[in-house]
Amino acid sequence: MTAVDASPLRTGPPPVGVSSPRRDGPRLAAGRARYLADFAVPGLCHVAILRSPHAHAEVAAIDTAAARALPGVIAVVTQAELVAAGARPFDHLLGPPARPLRWGVLASDRVRFVGEPLGAVVAVDRAVAEDALELIEVDYRELPAVVGVEEAAGEDAPLLYPEWGDNVLFDMAQRSPGLDDALAAAPHRLSLRVENHRVCGLPLEGHGVQAEWDPGRGRLRVVSSNQQPHQLRSVIAEVCDLDEAHVSVVSPDMGGGFGNKQHFTREECLVALLARMVGRPVRWSQDRTESLTASVHSRAQVHHVEAGYDDTGRLLALDVRILSDVGNPVLYFAGVGPAMVTVSSLSGAYAVAHLGWHLSCVATNTCPVGAYRGFGQPEAHLTAERVMDAIAGALGLDPVEVRRVNLLPDQPRPWRGHGGQRIDPGSLGEQFEMLLDRFDYRGWRARQAAARAAGRYVGIGVSTLVQGTTPTQNDTAGRFGSLEMASVTVLPDGRVDVRVGTKSQGQAHETVFAQLAAAALGVDEMAVHVHDGDTDALAFGQGTWGSRSAVMGGGAVLQAAGALRARMASLAAGLGIDLPAEGPLDESAYRRVAEVAWWHPHLLPPGSPLGLAEIAVYSPGFTGPQAWGGANHDETYGSHATGVAVEVDPVTGDVKILDALLVSDCGVVVNPAVVVGQHQGGFAQGLGAALYEEIRYNPDGQPLSTTLLDYAIPTATDVPVLAVVHRPTPSELLGGMRGVGEASIIAAPAVLVSAVEDALAPIGVRLDSTRLHARYLRAAVRAAGWRPDAAAWATAEDLGHIPRTSAPA
């Protein structure tokens with residue numbers, strides 16, 4: 001029996017709602033994290049990938065002889081060699097009404113975007129592998145390319161998959177009864193075209209994977225920077241034709257994921273196959289150009305909107321035609337998923353009596369489109385908020401009044417969405433009024449009037465978001481119905497081991513899960529040790545996506561810890577030890593129960609199970625596969641109200657954020673500091689997308705954003721502090737939590753568009769996209785007919801940040 005640590009085991013469990021210090025903070029800040037690049041093993045080889053320089057071309061022949069002859073090269077492979085080694089194709093698994101689509105680990109007869117992989121080199125180091133790529137000769141026969149979702153949907157567009165007959169991967173529509181009549185009868189109507197431009201999640205650590213084959217045990221060990229290690233295990237096993245029991249996946253510390261690493265990529269399966277083929281450990285690490293051109297893009301949608309409303313600004317009917325650019329959709333769980341979340345989120349925080357949508361997911365000769373933090377909700381939120389602002393502008397009403405009229409009423413709860421989804425937020429009206437008070441909306445309108453009188457362009461934007469989280473279903477085949485798994489073990493020395501199926505990419509999971517387990521068990525959180533990202537340590541888990549970790553992972557931890565606490569209380573009673581079923585535990589009594597359960601089974605009451613360990617599979621309210629029809633059957637919803645004030649320089653197009661505040665309802669707040677950090681990070685990403693970032697292509701499909709010189713991102717000095725006010729309404733689920741991780745990135749683009757348009761309203765500028773980059777704003781100002789006078793050219797006094805009249809809580 002090992003010696004027991006003399007340090008105190010507990011000082012009482014921390015109450016939920018305390019900003020306990022981040023458990024992983026010192027390790028990450030001190031550079032002691034262990035990322036993929038830190039998993040060096042003897043004999044490690046490196047992979048470089050041959051990628052297409054053409055957007056669309058037939059591949060007539062590939063000559064790899066010279067590359068194979070280069071000293072230091074271990075292997076050169078094309079799709080033919082992979083198939084001969086047992087590689088199986090990827091399959092979309094979408095089913096009707098999606099077009100059937102299968103693709104190989106590498107392209108073979110045709111390439112459909114710049115960056116598509118069609119060969120790979122394994123060498124003693126990355127430099128030799130890159131040199132070998134230059135020696136591979138490919139006979140390409142170029143084909144016409146199509147860029148832009150509206151162009152690709154046209155009748156005469158070049159076809160990516162001629163067997164389809166057009167470029168539409170997925171087409172579906174849903175309309176509530178009476179929509180057409182409601183539009184026709186509405187006192188007022190408006191039409192809008194709203195565009196979300198293409199961006200990239202851009203995690204600081206690019207994607208990467210390492211694999212090692214153990215021929216003695218017939219097992220493949222994979223280390224991957226991936227958000228869903230257990231699902232990745234399934235995909236690698238399928239594509240590599242292995243039993244899942246013969247594949248283990250470790251997801252180590254990650255330098256960001258943001259949904260881009262939710263996907264299961266060709267490269268991960270490629271490296272797994274190569275490890276078996278060459279009999280040596282191999283690694284591929286994505287470089288920045290690969291990240292920007294050949295990983296995962298997001299957000300590219302165009303919405304054509306028809307809305308009917310009355311004299312008070314109440315939205316009576318909404319009909320949206322959505323064209324979603326999915327690029328070349330050769331990506332597991334590609335762009336259809338986010339687009340379906342878009343259509344299920346169109347009404348947002350507003351009560352719309354009649355709603356209809358028609359979604360077409362269209363393939364183009366560009367990089368595949370998929371998950372990015374927000375997952376289809378920023379696109380829907382932008383349209384909802386643009387409609388509110390357009391109604392206000394048409395009627396001459398304050399945008400605040402139009403939103404008040406349209407907010408979901410407090411009753412009934414839960415609210416039922418048009419797709420049947422169960423929507424359960426707290427009072428949106430009270431939350432919105434709190435925003436207006438804490439943001440000092442009236443004060444900002446007064447300051448705006450003064451600024452305009454002085455020739456400055458100050459604008460104010462507000463929004464209310466209902467964020468769907470913790471979906472119970474995320475694909476048409478029912479393959480990944482939402483559940484989560486956790487194990488909780490009290491060790492013989494009283495320490496607690498927690499293993500979870502979610503995967504942290506920097507969201508402080510170690511801290512939050514330790515707090516939850518400690519509170520449930522009645523011990524100090526420092527006695528709890530949390531582990532994730534290892535398929536050998538826990539049988540299953542679904543990783544991190546959909547703002548689900550606190551709700552699902554936390555629910556699994558609470559369920560397992562609660563069951564274990566009850567077992568300990570029962571065991572203690574049989575031993576004559578006073579160990580209550582709730583509240584803080586006495587340290588000596590707790591230690592004694594742990595010791596007996598493991599080391600002295602002969603003292604246990606008859607029939608008592610040995611040890612102290614519980615495994616929970618948590619799936620609240622899951623009722624089985626749901627049919628596609630726009631219904632995203634979420635178990636719980638967060639809600640968030642945001643206010644932003646900006647100043648725009650019409651000469652330069654520069655946007656300066658003067659103030660930003662968010663009122664957050666994510667249910668029970670386990671760790672306030674962690675929630676604030678999530679909001680701050682998401683706001684920075686949403687701001688970056690709107691003001692700086694854009695993935696661009698020329699008409700021939702050549703990427704124009706291939707380095708960070710071309711793809712601008714905000715720096716620390718560009719991002720203001722987002723003030724966050726907590727207004728929690730507990731959910732009905734175990735622990736009372738709601739999702740929160742994506743809220744501010746969903747809200748930011750829409751509220752910034754509203755504020756910038758409001759700032760430029762005296763000029764007559766109207767905005768129809770998320771592009772608030774300086775060059776676009778300069779063009780919009782010129783198109784509106786505004787020309788600067790001498791005063792405007794002069795350097796104006798900085799308006800600066802006007803202090804609040806009341807500080808946020």
# chains A, B, ... in the order shown; residues from 1 in each chain; ligands from 1
$ residues_around --residues "region 558-564 of chain A" --least-positions-apart "2" --cutoff "9 Å" --atoms "only C-alpha atoms" --output "mmCIF file with N, CA and C atoms, in the first residue's frame"
data_model
loop_
_atom_site.group_PDB
_atom_site.id
_atom_site.type_symbol
_atom_site.label_atom_id
_atom_site.label_comp_id
_atom_site.auth_asym_id
_atom_site.auth_seq_id
_atom_site.Cartn_x
_atom_site.Cartn_y
_atom_site.Cartn_z
ATOM 1 N N ALA A 486 -18.525 9.009 -19.056
ATOM 2 C CA ALA A 486 -17.495 9.399 -18.085
ATOM 3 C C ALA A 486 -17.332 8.274 -17.075
ATOM 4 N N SER A 487 -16.137 8.152 -16.556
ATOM 5 C CA SER A 487 -15.890 7.242 -15.439
ATOM 6 C C SER A 487 -15.339 8.063 -14.277
ATOM 7 N N VAL A 488 -15.775 7.724 -13.085
ATOM 8 C CA VAL A 488 -15.293 8.374 -11.869
ATOM 9 C C VAL A 488 -14.867 7.266 -10.907
ATOM 10 N N THR A 489 -13.636 7.353 -10.428
ATOM 11 C CA THR A 489 -13.080 6.357 -9.525
ATOM 12 C C THR A 489 -12.478 7.038 -8.310
ATOM 13 N N VAL A 490 -12.861 6.600 -7.117
ATOM 14 C CA VAL A 490 -12.176 7.019 -5.905
ATOM 15 C C VAL A 490 -11.081 5.986 -5.642
ATOM 16 N N PHE A 513 -14.679 20.083 -14.962
ATOM 17 C CA PHE A 513 -15.077 18.728 -14.567
ATOM 18 C C PHE A 513 -14.594 18.392 -13.164
ATOM 19 N N LEU A 516 -17.133 19.965 -10.829
ATOM 20 C CA LEU A 516 -18.385 19.222 -10.778
ATOM 21 C C LEU A 516 -18.237 17.913 -9.998
ATOM 22 N N ALA A 517 -17.173 17.181 -10.264
ATOM 23 C CA ALA A 517 -16.965 15.921 -9.560
ATOM 24 C C ALA A 517 -16.755 16.159 -8.070
ATOM 25 N N ALA A 518 -15.987 17.188 -7.736
ATOM 26 C CA ALA A 518 -15.717 17.479 -6.329
ATOM 27 C C ALA A 518 -16.990 17.865 -5.602
ATOM 28 N N ALA A 519 -17.817 18.687 -6.244
ATOM 29 C CA ALA A 519 -19.063 19.096 -5.601
ATOM 30 C C ALA A 519 -19.994 17.906 -5.387
ATOM 31 N N ALA A 520 -20.035 16.993 -6.361
ATOM 32 C CA ALA A 520 -20.919 15.827 -6.231
ATOM 33 C C ALA A 520 -20.417 14.841 -5.177
ATOM 34 N N LEU A 521 -19.102 14.704 -5.062
ATOM 35 C CA LEU A 521 -18.538 13.735 -4.129
ATOM 36 C C LEU A 521 -18.323 14.304 -2.731
ATOM 37 N N GLY A 553 -20.762 16.295 -21.116
ATOM 38 C CA GLY A 553 -19.645 15.764 -20.345
ATOM 39 C C GLY A 553 -19.839 15.995 -18.865
ATOM 40 N N GLY A 554 -20.284 17.206 -18.510
ATOM 41 C CA GLY A 554 -20.559 17.487 -17.109
ATOM 42 C C GLY A 554 -21.694 16.649 -16.567
ATOM 43 N N GLY A 555 -22.719 16.416 -17.387
ATOM 44 C CA GLY A 555 -23.822 15.565 -16.955
ATOM 45 C C GLY A 555 -23.362 14.142 -16.698
ATOM 46 N N ALA A 556 -22.485 13.618 -17.576
ATOM 47 C CA ALA A 556 -21.963 12.266 -17.366
ATOM 48 C C ALA A 556 -21.131 12.190 -16.098
ATOM 49 N N ALA A 566 -23.574 7.744 -3.685
ATOM 50 C CA ALA A 566 -24.614 6.928 -3.052
ATOM 51 C C ALA A 566 -24.052 5.582 -2.615
ATOM 52 N N ARG A 567 -23.200 4.989 -3.453
ATOM 53 C CA ARG A 567 -22.577 3.722 -3.072
ATOM 54 C C ARG A 567 -21.712 3.876 -1.832
ATOM 55 N N MET A 568 -20.965 4.972 -1.779
ATOM 56 C CA MET A 568 -20.091 5.186 -0.620
ATOM 57 C C MET A 568 -20.906 5.364 0.657
ATOM 58 N N ALA A 569 -22.026 6.095 0.548
ATOM 59 C CA ALA A 569 -22.865 6.297 1.733
ATOM 60 C C ALA A 569 -23.433 4.962 2.213
ATOM 61 N N LEU A 612 -14.369 1.290 -5.810
ATOM 62 C CA LEU A 612 -15.213 2.486 -5.885
ATOM 63 C C LEU A 612 -15.046 3.101 -7.268
ATOM 64 N N ALA A 613 -15.801 2.628 -8.209
ATOM 65 C CA ALA A 613 -15.734 3.124 -9.575
ATOM 66 C C ALA A 613 -17.108 3.055 -10.211
ATOM 67 N N GLU A 614 -17.444 4.085 -10.972
ATOM 68 C CA GLU A 614 -18.718 4.129 -11.686
ATOM 69 C C GLU A 614 -18.478 4.668 -13.095
ATOM 70 N N ILE A 615 -19.192 4.083 -14.028
ATOM 71 C CA ILE A 615 -19.200 4.573 -15.408
ATOM 72 C C ILE A 615 -20.617 5.007 -15.748
ATOM 73 N N ALA A 616 -20.748 6.175 -16.367
ATOM 74 C CA ALA A 616 -22.066 6.679 -16.760
ATOM 75 C C ALA A 616 -22.087 6.947 -18.255
ATOM 76 N N VAL A 617 -23.173 6.567 -18.901
ATOM 77 C CA VAL A 617 -23.465 6.961 -20.279
ATOM 78 C C VAL A 617 -24.679 7.865 -20.206
ATOM 79 N N TYR A 618 -24.461 9.128 -20.491
ATOM 80 C CA TYR A 618 -25.474 10.157 -20.258
ATOM 81 C C TYR A 618 -26.064 10.609 -21.583
ATOM 82 N N LEU A 734 -29.555 17.654 -15.774
ATOM 83 C CA LEU A 734 -28.705 17.390 -14.630
ATOM 84 C C LEU A 734 -27.615 18.451 -14.532
ATOM 85 N N GLY A 735 -27.531 19.113 -13.400
ATOM 86 C CA GLY A 735 -26.556 20.179 -13.204
ATOM 87 C C GLY A 735 -27.064 21.552 -13.577
#
$ residues_around --residues "Trp786 (chain A)" --least-positions-apart "4" --cutoff "7 Å" --atoms "only C-alpha atoms" --output "list in words"
Ile763, Val781 and Arg782 of chain A
$ select_by_dssp --residues "region 419-588 of chain A" --states "helix (DSSP H, G or I)" --output "CSV table (one decimal) with N, CA, C and O atoms, in the first residue's frame"
chain,number,residue,atom,x,y,z
A,428,LEU,N,-36.4,36.2,-22.4
A,428,LEU,CA,-35.7,37.0,-23.3
A,428,LEU,C,-35.9,38.4,-23.1
A,428,LEU,O,-35.1,39.3,-23.3
A,429,GLY,N,-37.2,38.8,-22.7
A,429,GLY,CA,-37.5,40.2,-22.5
A,429,GLY,C,-36.7,40.8,-21.4
A,429,GLY,O,-36.2,41.9,-21.5
A,430,GLU,N,-36.7,40.1,-20.2
A,430,GLU,CA,-35.9,40.5,-19.1
A,430,GLU,C,-34.4,40.6,-19.4
A,430,GLU,O,-33.8,41.6,-19.0
A,431,GLN,N,-34.0,39.7,-20.1
A,431,GLN,CA,-32.5,39.7,-20.5
A,431,GLN,C,-32.2,40.9,-21.4
A,431,GLN,O,-31.2,41.5,-21.2
A,432,PHE,N,-33.1,41.1,-22.4
A,432,PHE,CA,-32.9,42.3,-23.3
A,432,PHE,C,-32.9,43.6,-22.5
A,432,PHE,O,-32.1,44.5,-22.8
A,433,GLU,N,-33.8,43.7,-21.6
A,433,GLU,CA,-33.9,45.0,-20.8
A,433,GLU,C,-32.6,45.1,-20.0
A,433,GLU,O,-32.1,46.2,-19.8
A,434,MET,N,-32.1,44.0,-19.4
A,434,MET,CA,-30.9,44.1,-18.7
A,434,MET,C,-29.7,44.6,-19.6
A,434,MET,O,-28.9,45.4,-19.2
A,435,LEU,N,-29.7,44.1,-20.8
A,435,LEU,CA,-28.7,44.6,-21.8
A,435,LEU,C,-28.8,46.1,-22.0
A,435,LEU,O,-27.8,46.8,-21.9
A,436,LEU,N,-30.0,46.5,-22.2
A,436,LEU,CA,-30.2,48.0,-22.5
A,436,LEU,C,-29.7,48.8,-21.3
A,436,LEU,O,-29.2,49.9,-21.5
A,437,ASP,N,-30.0,48.3,-20.1
A,437,ASP,CA,-29.6,49.0,-18.9
A,437,ASP,C,-28.1,49.0,-18.7
A,437,ASP,O,-27.5,50.1,-18.5
A,438,ARG,N,-27.5,47.8,-18.7
A,438,ARG,CA,-26.1,47.7,-18.5
A,438,ARG,C,-25.2,48.3,-19.6
A,438,ARG,O,-24.1,48.8,-19.3
A,439,PHE,N,-25.7,48.2,-20.8
A,439,PHE,CA,-25.0,48.8,-21.9
A,439,PHE,C,-25.2,50.3,-22.0
A,439,PHE,O,-24.4,51.0,-22.7
A,441,TYR,N,-27.9,52.0,-23.2
A,441,TYR,CA,-28.4,52.2,-24.6
A,441,TYR,C,-28.8,53.7,-24.8
A,441,TYR,O,-28.4,54.3,-25.8
A,442,ARG,N,-29.6,54.2,-23.9
A,442,ARG,CA,-30.1,55.6,-24.0
A,442,ARG,C,-28.9,56.5,-24.0
A,442,ARG,O,-28.8,57.5,-24.8
A,443,GLY,N,-27.9,56.3,-23.1
A,443,GLY,CA,-26.8,57.1,-23.1
A,443,GLY,C,-26.0,57.1,-24.4
A,443,GLY,O,-25.5,58.1,-24.8
A,444,TRP,N,-25.9,55.9,-25.0
A,444,TRP,CA,-25.1,55.8,-26.2
A,444,TRP,C,-25.8,56.5,-27.3
A,444,TRP,O,-25.2,57.1,-28.2
A,445,ARG,N,-27.2,56.5,-27.3
A,445,ARG,CA,-27.9,57.2,-28.4
A,445,ARG,C,-27.6,58.7,-28.2
A,445,ARG,O,-27.5,59.4,-29.2
A,446,ALA,N,-27.6,59.2,-27.0
A,446,ALA,CA,-27.3,60.6,-26.8
A,446,ALA,C,-25.9,60.9,-27.3
A,446,ALA,O,-25.6,62.0,-27.9
A,447,ARG,N,-24.9,60.1,-26.9
A,447,ARG,CA,-23.5,60.3,-27.3
A,447,ARG,C,-23.4,60.2,-28.9
A,447,ARG,O,-22.6,61.0,-29.5
A,448,GLN,N,-24.2,59.3,-29.5
A,448,GLN,CA,-24.2,59.2,-30.9
A,448,GLN,C,-24.6,60.5,-31.6
A,448,GLN,O,-24.0,61.0,-32.5
A,449,ALA,N,-25.7,61.1,-31.0
A,449,ALA,CA,-26.2,62.4,-31.6
A,449,ALA,C,-25.2,63.5,-31.5
A,449,ALA,O,-25.0,64.2,-32.5
A,450,ALA,N,-24.5,63.5,-30.4
A,450,ALA,CA,-23.4,64.5,-30.2
A,450,ALA,C,-22.3,64.3,-31.2
A,450,ALA,O,-21.8,65.2,-31.8
A,451,ALA,N,-21.9,63.0,-31.4
A,451,ALA,CA,-20.8,62.7,-32.3
A,451,ALA,C,-21.2,63.1,-33.7
A,451,ALA,O,-20.4,63.6,-34.5
A,452,ARG,N,-22.4,62.8,-34.1
A,452,ARG,CA,-22.9,63.1,-35.5
A,452,ARG,C,-22.9,64.6,-35.7
A,452,ARG,O,-22.5,65.0,-36.8
A,453,ALA,N,-23.3,65.3,-34.7
A,453,ALA,CA,-23.3,66.8,-34.8
A,453,ALA,C,-21.8,67.3,-35.0
A,453,ALA,O,-21.6,68.4,-35.7
A,509,HIS,N,-11.5,22.2,-19.5
A,509,HIS,CA,-12.3,21.1,-19.1
A,509,HIS,C,-11.8,20.5,-17.8
A,509,HIS,O,-12.6,20.0,-17.0
A,510,GLU,N,-10.5,20.5,-17.6
A,510,GLU,CA,-9.9,19.9,-16.4
A,510,GLU,C,-10.5,20.6,-15.2
A,510,GLU,O,-10.8,20.0,-14.2
A,511,THR,N,-10.6,21.9,-15.3
A,511,THR,CA,-11.1,22.7,-14.1
A,511,THR,C,-12.5,22.5,-13.9
A,511,THR,O,-13.0,22.2,-12.8
A,512,VAL,N,-13.3,22.6,-14.9
A,512,VAL,CA,-14.8,22.5,-14.8
A,512,VAL,C,-15.2,21.1,-14.3
A,512,VAL,O,-16.0,21.0,-13.4
A,513,PHE,N,-14.7,20.1,-15.0
A,513,PHE,CA,-15.1,18.7,-14.6
A,513,PHE,C,-14.6,18.4,-13.2
A,513,PHE,O,-15.3,17.7,-12.4
A,514,ALA,N,-13.4,18.9,-12.8
A,514,ALA,CA,-13.0,18.7,-11.4
A,514,ALA,C,-13.9,19.4,-10.4
A,514,ALA,O,-14.2,18.8,-9.4
A,515,GLN,N,-14.4,20.6,-10.7
A,515,GLN,CA,-15.3,21.3,-9.8
A,515,GLN,C,-16.6,20.5,-9.7
A,515,GLN,O,-17.2,20.3,-8.6
A,516,LEU,N,-17.1,20.0,-10.8
A,516,LEU,CA,-18.4,19.2,-10.8
A,516,LEU,C,-18.2,17.9,-10.0
A,516,LEU,O,-19.1,17.6,-9.2
A,517,ALA,N,-17.2,17.2,-10.3
A,517,ALA,CA,-17.0,15.9,-9.6
A,517,ALA,C,-16.8,16.2,-8.1
A,517,ALA,O,-17.3,15.4,-7.2
A,518,ALA,N,-16.0,17.2,-7.7
A,518,ALA,CA,-15.7,17.5,-6.3
A,518,ALA,C,-17.0,17.9,-5.6
A,518,ALA,O,-17.2,17.4,-4.5
A,519,ALA,N,-17.8,18.7,-6.2
A,519,ALA,CA,-19.1,19.1,-5.6
A,519,ALA,C,-20.0,17.9,-5.4
A,519,ALA,O,-20.7,17.8,-4.3
A,520,ALA,N,-20.0,17.0,-6.4
A,520,ALA,CA,-20.9,15.8,-6.2
A,520,ALA,C,-20.4,14.8,-5.2
A,520,ALA,O,-21.2,14.2,-4.5
A,521,LEU,N,-19.1,14.7,-5.1
A,521,LEU,CA,-18.5,13.7,-4.1
A,521,LEU,C,-18.3,14.3,-2.7
A,521,LEU,O,-18.2,13.5,-1.8
A,525,GLU,N,-11.6,20.0,-4.8
A,525,GLU,CA,-11.4,19.8,-6.3
A,525,GLU,C,-9.9,19.5,-6.6
A,525,GLU,O,-9.6,18.8,-7.6
A,526,MET,N,-9.0,19.8,-5.7
A,526,MET,CA,-7.6,19.5,-6.0
A,526,MET,C,-7.3,18.0,-5.7
A,526,MET,O,-6.3,17.5,-6.1
A,527,ALA,N,-8.3,17.3,-5.2
A,527,ALA,CA,-8.2,15.8,-5.1
A,527,ALA,C,-8.6,15.1,-6.3
A,527,ALA,O,-8.5,13.9,-6.4
A,549,SER,N,-20.0,20.3,-24.0
A,549,SER,CA,-19.1,19.7,-23.0
A,549,SER,C,-19.6,19.8,-21.6
A,549,SER,O,-19.6,18.8,-20.9
A,550,ALA,N,-20.0,21.0,-21.2
A,550,ALA,CA,-20.5,21.2,-19.8
A,550,ALA,C,-21.8,20.4,-19.6
A,550,ALA,O,-22.0,19.8,-18.6
A,551,VAL,N,-22.7,20.5,-20.6
A,551,VAL,CA,-24.0,19.9,-20.5
A,551,VAL,C,-23.8,18.4,-20.5
A,551,VAL,O,-24.3,17.6,-19.6
A,552,MET,N,-23.2,17.8,-21.6
A,552,MET,CA,-23.1,16.4,-21.8
A,552,MET,C,-22.0,15.8,-21.0
A,552,MET,O,-22.2,14.8,-20.2
A,553,GLY,N,-20.8,16.3,-21.1
A,553,GLY,CA,-19.6,15.8,-20.3
A,553,GLY,C,-19.8,16.0,-18.9
A,553,GLY,O,-19.6,15.1,-18.0
A,554,GLY,N,-20.3,17.2,-18.5
A,554,GLY,CA,-20.6,17.5,-17.1
A,554,GLY,C,-21.7,16.6,-16.6
A,554,GLY,O,-21.7,16.2,-15.4
A,555,GLY,N,-22.7,16.4,-17.4
A,555,GLY,CA,-23.8,15.6,-17.0
A,555,GLY,C,-23.4,14.1,-16.7
A,555,GLY,O,-23.8,13.5,-15.7
A,556,ALA,N,-22.5,13.6,-17.6
A,556,ALA,CA,-22.0,12.3,-17.4
A,556,ALA,C,-21.1,12.2,-16.1
A,556,ALA,O,-21.2,11.2,-15.3
A,557,VAL,N,-20.3,13.2,-15.8
A,557,VAL,CA,-19.5,13.2,-14.6
A,557,VAL,C,-20.4,13.3,-13.4
A,557,VAL,O,-20.2,12.6,-12.4
A,558,LEU,N,-21.4,14.2,-13.4
A,558,LEU,CA,-22.3,14.3,-12.3
A,558,LEU,C,-23.1,12.9,-12.1
A,558,LEU,O,-23.3,12.5,-10.9
A,559,GLN,N,-23.5,12.3,-13.1
A,559,GLN,CA,-24.2,11.1,-13.0
A,559,GLN,C,-23.4,10.0,-12.4
A,559,GLN,O,-23.8,9.3,-11.5
A,560,ALA,N,-22.1,9.8,-12.9
A,560,ALA,CA,-21.2,8.8,-12.3
A,560,ALA,C,-20.8,9.1,-10.9
A,560,ALA,O,-20.8,8.3,-10.0
A,561,ALA,N,-20.5,10.4,-10.6
A,561,ALA,CA,-20.1,10.8,-9.3
A,561,ALA,C,-21.3,10.7,-8.3
A,561,ALA,O,-21.1,10.3,-7.1
A,562,GLY,N,-22.5,11.0,-8.8
A,562,GLY,CA,-23.6,10.9,-7.9
A,562,GLY,C,-23.9,9.4,-7.5
A,562,GLY,O,-24.2,9.1,-6.3
A,563,ALA,N,-23.8,8.5,-8.5
A,563,ALA,CA,-23.9,7.1,-8.2
A,563,ALA,C,-22.9,6.6,-7.3
A,563,ALA,O,-23.1,5.8,-6.4
A,564,LEU,N,-21.7,7.1,-7.5
A,564,LEU,CA,-20.6,6.7,-6.6
A,564,LEU,C,-20.7,7.2,-5.2
A,564,LEU,O,-20.5,6.5,-4.2
A,565,ARG,N,-21.2,8.4,-5.1
A,565,ARG,CA,-21.5,9.0,-3.7
A,565,ARG,C,-22.5,8.2,-3.0
A,565,ARG,O,-22.4,7.9,-1.8
A,566,ALA,N,-23.6,7.7,-3.7
A,566,ALA,CA,-24.6,6.9,-3.1
A,566,ALA,C,-24.1,5.6,-2.6
A,566,ALA,O,-24.4,5.1,-1.5
A,567,ARG,N,-23.2,5.0,-3.5
A,567,ARG,CA,-22.6,3.7,-3.1
A,567,ARG,C,-21.7,3.9,-1.8
A,567,ARG,O,-21.7,3.0,-0.9
A,568,MET,N,-21.0,5.0,-1.8
A,568,MET,CA,-20.1,5.2,-0.6
A,568,MET,C,-20.9,5.4,0.7
A,568,MET,O,-20.5,4.9,1.7
A,569,ALA,N,-22.0,6.1,0.5
A,569,ALA,CA,-22.9,6.3,1.7
A,569,ALA,C,-23.4,5.0,2.2
A,569,ALA,O,-23.5,4.7,3.4
A,570,SER,N,-23.9,4.1,1.3
A,570,SER,CA,-24.4,2.8,1.6
A,570,SER,C,-23.3,1.9,2.3
A,570,SER,O,-23.6,1.2,3.3
A,571,LEU,N,-22.2,2.0,1.7
A,571,LEU,CA,-21.0,1.2,2.2
A,571,LEU,C,-20.6,1.6,3.6
A,571,LEU,O,-20.4,0.8,4.5
A,572,ALA,N,-20.6,2.9,3.8
A,572,ALA,CA,-20.2,3.5,5.1
A,572,ALA,C,-21.2,3.1,6.1
A,572,ALA,O,-20.9,2.7,7.3
A,573,ALA,N,-22.5,3.1,5.8
A,573,ALA,CA,-23.5,2.7,6.7
A,573,ALA,C,-23.3,1.2,7.2
A,573,ALA,O,-23.5,0.9,8.4
A,574,GLY,N,-23.0,0.4,6.3
A,574,GLY,CA,-22.7,-1.0,6.6
A,574,GLY,C,-21.5,-1.2,7.5
A,574,GLY,O,-21.4,-2.2,8.2
A,575,LEU,N,-20.6,-0.2,7.4
A,575,LEU,CA,-19.3,-0.3,8.2
A,575,LEU,C,-19.5,0.5,9.5
A,575,LEU,O,-18.5,0.5,10.3
A,587,GLU,N,-13.0,14.0,6.3
A,587,GLU,CA,-11.9,13.4,5.6
A,587,GLU,C,-11.5,12.1,6.1
A,587,GLU,O,-11.2,11.1,5.3
A,588,SER,N,-11.4,11.8,7.4
A,588,SER,CA,-11.0,10.5,7.9
A,588,SER,C,-12.0,9.5,7.6
A,588,SER,O,-11.7,8.3,7.2
$ closest_residue --among "A:Cys666, A:Val77, A:Val596, A:Ala690" --to "Tyr776 (chain A)" --atoms "only C-alpha atoms"
A:Ala690
$ residues_around --residues "region 163-165 of chain A" --least-positions-apart "6" --cutoff "10 Å" --atoms "only C-alpha atoms" --output "PyMOL selection string"
chain A and resi 99-101+155
$ select_by_dssp --residues "region 511-589 of chain A" --states "strand (DSSP E)" --output "number ranges by chain"
A: 528-531
$ closest_residue --among "A:Asp649, A:Asp253, A:Ala363, A:Ser639" --to "Gly741 (chain A)" --atoms "only C-alpha atoms"
A:Ser639
$ residues_around --residues "Glu732 (chain A)" --least-positions-apart "3" --cutoff "9 Å" --atoms "only C-alpha atoms" --output "list in words"
Asp424, Thr636, Gly735, Gly736 and Met737 of chain A
$ write_last_selection --atoms "C-alpha atoms" --output "PDB file, in the first residue's frame"
ATOM      1  CA  ASP A 424     -36.262  26.320 -23.408  1.00  0.00           C
ATOM      2  CA  THR A 636     -31.304  22.857 -24.097  1.00  0.00           C
ATOM      3  CA  GLY A 735     -26.556  20.179 -13.204  1.00  0.00           C
ATOM      4  CA  GLY A 736     -28.725  22.918 -14.718  1.00  0.00           C
ATOM      5  CA  MET A 737     -26.097  23.889 -17.309  1.00  0.00           C
TER       6      MET A 737
END
$ closest_residue --among "A:Asp310, A:Ser285, A:Val111, A:Glu212" --to "Pro187 (chain A)" --atoms "only C-alpha atoms"
A:Asp310
$ residues_around --residues "Val16 (chain A)" --least-positions-apart "4" --cutoff "7 Å" --atoms "only C-alpha atoms" --output "list in words"
Gln515, Val669, Val670 and Asn671 of chain A
$ closest_residue --among "A:Arg592, A:His600, A:His529, A:Arg413" --to "Ser731 (chain A)" --atoms "only C-alpha atoms"
A:Arg413
